[in-house]
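> Sharing a structure with you now.
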Amino acid sequence: MIRQTSVEEILESYNDTAPLSEASTIPAPWYVDPRIAELENLTVFSKTWQVIGRADQVAKPGQFATATLAREPIVAVRGTDGELRAFYNVCRHHAAKVVTEACGSASILHCPYHGWNYGLDGSLKGMPEFEGVKNFERQENGLVPIRVETWEAFVLVNLDPEAEPLEDFLGGLVRRCEPLGLAKLHFFERKAYDIACDWKVFVDNYLDGSYHVPHMHKALSSALDYKQYTIEIEDRYCLQSSPMVTSEEDAATSNTRKGDRACYFWQYPNFMINCYEGYMDTNLVLPLDVDHCRVIFDFYFSDVSESRRDYNTQSIAVGDRVQDEDLGICEDVQRGLKSRAYGAGRLSLRREAGEQLFHRLLATDLKAGVAEAVAAD
Ligand code: FES
Ligand SMILES: [Fe+2]
């Protein structure tokens, strides 16, 4: 029989204390072993603050937004009392999804299966044809609540009732983003890409400090001053930033990428905020399975009036090309990670500090998850 490497052995094969000059990436099995994906689901995605929607979707009483997180259906809803709440979007009767639209407005949350009704505060209000059922407490059968908070333009939830407050989790990112006025921008459009790679391959590609940009994104590269590129890491975020230069070669890129600096924020584990002057897009990287992820791009502009539609659309089209270039290389890397020729790779001191931060934070969470599971046994 072929001996299978244990999860503990896989985790131990990464040294998270090595300085960057001696560090390697997390080893290939971390990207291809379904047991690691499952462990991430139970730890990373079930215990960190995760973006599930936009603050503008739930600004008014009755407004709701739904999402799936760690395979759990979630709904966030603003109550008539103005309070934002979130729940597992699972009916207490026979487990159907209660709110089926992506977002909208309602006065009651109505389960489509057998018609149970829940208030906007999650309390069970009514069950048709349930007279005579014994030992059933309506008060104890409300939707199960989840921690929820908003920050800037985003709604975040945490499935761990013991989790630290959102502001502590975000740490220095809060202060860093404050002067940018992100919440003043307006949502314009969403695009989603399904990619045949582990979610971490996409994050790694994002965090390589622009190492790949001159090689993979020739047009974007002409609008950025690659040599002046800076990388800051603190707490759980990495800010990659570059001065903007006017490109003669590519009018569409320089026309839609304005301002002094381009700022690319990544917040552990899977959320990115990219901004230029009057522009922001966010990327949310969600694992589908060990070989696939979905990346959701939300585009925001300072002006979303009809007269700016063409400009905004052109700006998104510039991003499209970059996305396509990234998609291709990420899928190629996923294939390479399965090769017998590859184990782990070294990191550029100049460019890849963000990747190391990601791998260290991930290692900490996964090792803690295994230790917890062992203690519970
Ligand atoms: S599952 Fe919701 S009413 Fe039956
Ligand atoms: Fe890229």
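Chain identifiers are assigned as A, B, and so on, following the order in which chains appear in the structure tokens; residues are numbered from 1 within each chain, and ligands are numbered from 1 in order of appearance.
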Considering only helix (DSSP H, G or I) as DSSP defines it on the backbone, what residues of region 117-364 of chain A qualify? List them as a PyMOL selection string.

chain A and resi 138-140+166-170+172-180+182-184+199-206+213-216+218-221+226-228+251-256+306-337+353-364

> Go through the chains and note each residue within 10 Å of ligand 1, using only C-alpha atoms and all ligand atoms, then give the set as a PyMOL selection string.

chain A and resi 90-98+110-118+126-128

> For the selection you just gave me, I'd like the residues written to a file as a PDB file, in the first residue's frame, keeping C-alpha atoms.


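In the end it all went to result-v4.pdb:
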```pdb
ATOM      1  CA  VAL A  90     -31.344  27.940   6.491  1.00  0.00           C
ATOM      2  CA  CYS A  91     -34.962  27.309   7.461  1.00  0.00           C
ATOM      3  CA  ARG A  92     -35.411  25.730  10.887  1.00  0.00           C
ATOM      4  CA  HIS A  93     -38.201  23.539   9.484  1.00  0.00           C
ATOM      5  CA  HIS A  94     -36.586  21.339   6.829  1.00  0.00           C
ATOM      6  CA  ALA A  95     -33.453  23.299   5.935  1.00  0.00           C
ATOM      7  CA  ALA A  96     -34.528  25.048   2.733  1.00  0.00           C
ATOM      8  CA  LYS A  97     -32.867  28.320   1.794  1.00  0.00           C
ATOM      9  CA  VAL A  98     -35.186  31.011   3.166  1.00  0.00           C
ATOM     10  CA  HIS A 110     -40.604  33.950   3.813  1.00  0.00           C
ATOM     11  CA  CYS A 111     -39.427  30.371   3.288  1.00  0.00           C
ATOM     12  CA  PRO A 112     -40.556  29.212  -0.156  1.00  0.00           C
ATOM     13  CA  TYR A 113     -40.813  25.529   0.822  1.00  0.00           C
ATOM     14  CA  HIS A 114     -43.664  25.323   3.377  1.00  0.00           C
ATOM     15  CA  GLY A 115     -44.265  28.998   4.003  1.00  0.00           C
ATOM     16  CA  TRP A 116     -42.673  29.588   7.406  1.00  0.00           C
ATOM     17  CA  ASN A 117     -42.153  33.284   8.080  1.00  0.00           C
ATOM     18  CA  TYR A 118     -39.320  34.961   9.937  1.00  0.00           C
ATOM     19  CA  GLY A 126     -45.516  31.954  11.809  1.00  0.00           C
ATOM     20  CA  MET A 127     -45.789  28.353  10.654  1.00  0.00           C
ATOM     21  CA  PRO A 128     -48.824  27.280   8.594  1.00  0.00           C
TER      22      PRO A 128
END
```

> Select the residues contacting ligand 2 at a distance of at most 8 Å, based on only C-alpha atoms and all ligand atoms, then format the selection as a PyMOL selection string.

chain A and resi 205-206+210+212-213+216-217+322-323+325-326

> Those residues with N, CA and C atoms, as a PDB file, in the first residue's frame please?


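The result, stored in result00.pdb:
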```
ATOM      1  N   ASN A 205      -0.410  35.125  -6.926  1.00  0.00           N
ATOM      2  CA  ASN A 205      -0.163  35.903  -8.142  1.00  0.00           C
ATOM      3  C   ASN A 205      -0.361  37.399  -7.870  1.00  0.00           C
ATOM      4  N   TYR A 206      -1.372  37.685  -7.059  1.00  0.00           N
ATOM      5  CA  TYR A 206      -1.663  39.080  -6.701  1.00  0.00           C
ATOM      6  C   TYR A 206      -0.550  39.671  -5.842  1.00  0.00           C
ATOM      7  N   SER A 210       4.234  42.723  -8.124  1.00  0.00           N
ATOM      8  CA  SER A 210       4.341  43.157  -9.516  1.00  0.00           C
ATOM      9  C   SER A 210       5.466  42.442 -10.282  1.00  0.00           C
ATOM     10  N   HIS A 212       5.428  39.789 -11.817  1.00  0.00           N
ATOM     11  CA  HIS A 212       4.988  39.252 -13.115  1.00  0.00           C
ATOM     12  C   HIS A 212       4.501  40.327 -14.084  1.00  0.00           C
ATOM     13  N   VAL A 213       4.312  41.546 -13.583  1.00  0.00           N
ATOM     14  CA  VAL A 213       3.652  42.554 -14.419  1.00  0.00           C
ATOM     15  C   VAL A 213       4.393  42.876 -15.726  1.00  0.00           C
ATOM     16  N   MET A 216       3.839  39.625 -17.908  1.00  0.00           N
ATOM     17  CA  MET A 216       2.487  39.141 -18.238  1.00  0.00           C
ATOM     18  C   MET A 216       1.552  40.246 -18.712  1.00  0.00           C
ATOM     19  N   HIS A 217       1.725  41.470 -18.192  1.00  0.00           N
ATOM     20  CA  HIS A 217       0.780  42.557 -18.499  1.00  0.00           C
ATOM     21  C   HIS A 217       1.521  43.730 -19.124  1.00  0.00           C
ATOM     22  N   VAL A 322      -6.231  42.371 -18.341  1.00  0.00           N
ATOM     23  CA  VAL A 322      -5.307  41.964 -17.265  1.00  0.00           C
ATOM     24  C   VAL A 322      -5.796  40.666 -16.628  1.00  0.00           C
ATOM     25  N   GLN A 323      -7.122  40.606 -16.382  1.00  0.00           N
ATOM     26  CA  GLN A 323      -7.697  39.399 -15.764  1.00  0.00           C
ATOM     27  C   GLN A 323      -7.441  38.166 -16.624  1.00  0.00           C
ATOM     28  N   GLU A 325      -5.089  37.623 -18.718  1.00  0.00           N
ATOM     29  CA  GLU A 325      -3.668  37.258 -18.649  1.00  0.00           C
ATOM     30  C   GLU A 325      -3.374  36.521 -17.340  1.00  0.00           C
ATOM     31  N   ASP A 326      -3.970  36.998 -16.234  1.00  0.00           N
ATOM     32  CA  ASP A 326      -3.752  36.351 -14.935  1.00  0.00           C
ATOM     33  C   ASP A 326      -4.381  34.966 -14.874  1.00  0.00           C
TER      34      ASP A 326
END
```

> Taking only residues of region 267-348 of chain A that have an atom at most 8 Å from an atom of region 30-37 of chain A, what is each one's shortest atom pair and its distance in Å to one decimal, using only C-alpha atoms, in chain and number order, as a tab-separated table?


```
residue	atom	partner	partner_atom	distance
A:Asp289	CA	A:Ala37	CA	7.1
A:Val290	CA	A:Ala37	CA	5.7
A:Asp291	CA	A:Val32	CA	6.8
A:Gln334	CA	A:Tyr31	CA	7.8
A:Leu337	CA	A:Tyr31	CA	7.3
A:Lys338	CA	A:Val32	CA	7.0
```

> Please measure the separation of CA of Ala376 (chain A) and CA of Asp168 (chain A), giving the value in Å to one decimal.

27.0 Å

> If we count only C-alpha atoms and set the cut-off at 12 Å, which residues sit around Val99 (chain A), ignoring sequence neighbours fewer than 5 positions away in its own chain? Please answer as a ChimeraX atom specification.

/A:63-68,73-77,86-91,104-106,108-113,115-120,122,143

> Write the residues you've just listed into a file as a compact mmCIF listing (two decimals), in the first residue's frame, and include C-alpha atoms for each of them.


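Generated file (out17.txt):
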```txt
# COMPACT_ATOMS: atom_id res chain seq x y z
CA GLN A 63 -32.86 45.48 2.64
CA PHE A 64 -31.02 42.17 2.52
CA ALA A 65 -28.07 40.53 0.75
CA THR A 66 -27.29 36.82 0.53
CA ALA A 67 -24.02 34.98 0.00
CA THR A 68 -22.39 31.59 0.42
CA PRO A 73 -25.85 30.02 2.93
CA ILE A 74 -25.81 33.45 4.65
CA VAL A 75 -28.22 36.37 4.71
CA ALA A 76 -27.57 39.87 6.05
CA VAL A 77 -30.63 42.03 6.65
CA ALA A 86 -26.86 38.28 9.69
CA PHE A 87 -28.10 34.72 9.87
CA TYR A 88 -27.52 31.29 8.45
CA ASN A 89 -30.00 31.37 5.57
CA VAL A 90 -31.34 27.94 6.49
CA CYS A 91 -34.96 27.31 7.46
CA GLY A 104 -33.49 43.08 -2.38
CA SER A 105 -35.97 44.39 0.14
CA ALA A 106 -38.60 42.57 2.23
CA ILE A 108 -40.71 39.46 6.24
CA LEU A 109 -38.37 36.56 5.37
CA HIS A 110 -40.60 33.95 3.81
CA CYS A 111 -39.43 30.37 3.29
CA PRO A 112 -40.56 29.21 -0.16
CA TYR A 113 -40.81 25.53 0.82
CA GLY A 115 -44.27 29.00 4.00
CA TRP A 116 -42.67 29.59 7.41
CA ASN A 117 -42.15 33.28 8.08
CA TYR A 118 -39.32 34.96 9.94
CA GLY A 119 -39.08 38.58 11.02
CA LEU A 120 -36.22 40.79 9.86
CA GLY A 122 -34.66 36.43 12.55
CA LEU A 143 -32.87 31.86 12.18
```

> Tell me, as a ChimeraX atom specification, which residues lie within 12 Å of region 312-321 of chain A, counting only C-alpha atoms; anything in the same chain fewer than 4 positions away does not count.

/A:186-193,216-220,223,250-258,274,276,278-283,297-308,325-328

> Using only C-alpha atoms, can you tell me which of A:Phe358, A:Gln228, A:Ala28, A:Ala368 comes closest to Gly336 (chain A)?

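Smallest distance to Gly336 (chain A) is found for A:Ala28.
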
> Please measure the separation of CA of Ala262 (chain A) and CA of Tyr237 (chain A), giving the value in Å to one decimal.

16.2 Å

> Could you check the closest approach to Glu234 (chain A) for each of A:Tyr211, A:Phe130, A:Tyr342, A:Phe265 and tell me which residue wins, using only C-alpha atoms?

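Among A:Tyr211, A:Phe130, A:Tyr342, A:Phe265, it is A:Phe265 that comes nearest to Glu234 (chain A).
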
> List every residue of region 174-346 of chain A that DSSP, applied to the backbone, labels as strand (DSSP E), and write the result as a PyMOL selection string.

chain A and resi 186-195+230-234+237-243+261-267+271-276+279-289+292-301

> Could you jot down the CA of Leu288 (chain A) to CA of Val374 (chain A) separation for me, Å, one decimal place?

26.4 Å

> Go through A:His359, A:Arg54, A:Arg350, A:Lys47 and flag the residue nearest Asp204 (chain A), using only C-alpha atoms for the distances.

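Ranking A:His359, A:Arg54, A:Arg350, A:Lys47 by distance to Asp204 (chain A), first place goes to A:His359.
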
> Using only C-alpha atoms, pick whichever of A:Ala196, A:Ala353, A:Cys263, A:Ala375 has the shortest atom-to-atom distance to Val295 (chain A).

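For Val295 (chain A), the nearest of the given residues is A:Ala196.
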
> Return the single residue from A:Leu349, A:Ala363, A:Ala373, A:Ile231 that is closest to Leu11 (chain A), with distances computed using only C-alpha atoms.

A:Ala363

> So, counting only C-alpha atoms, which residue among A:Glu232, A:Asp198, A:Glu131, A:Asp208 is closest to Gly172 (chain A)?

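With only C-alpha atoms as the atom set, the closest residue is A:Glu232.
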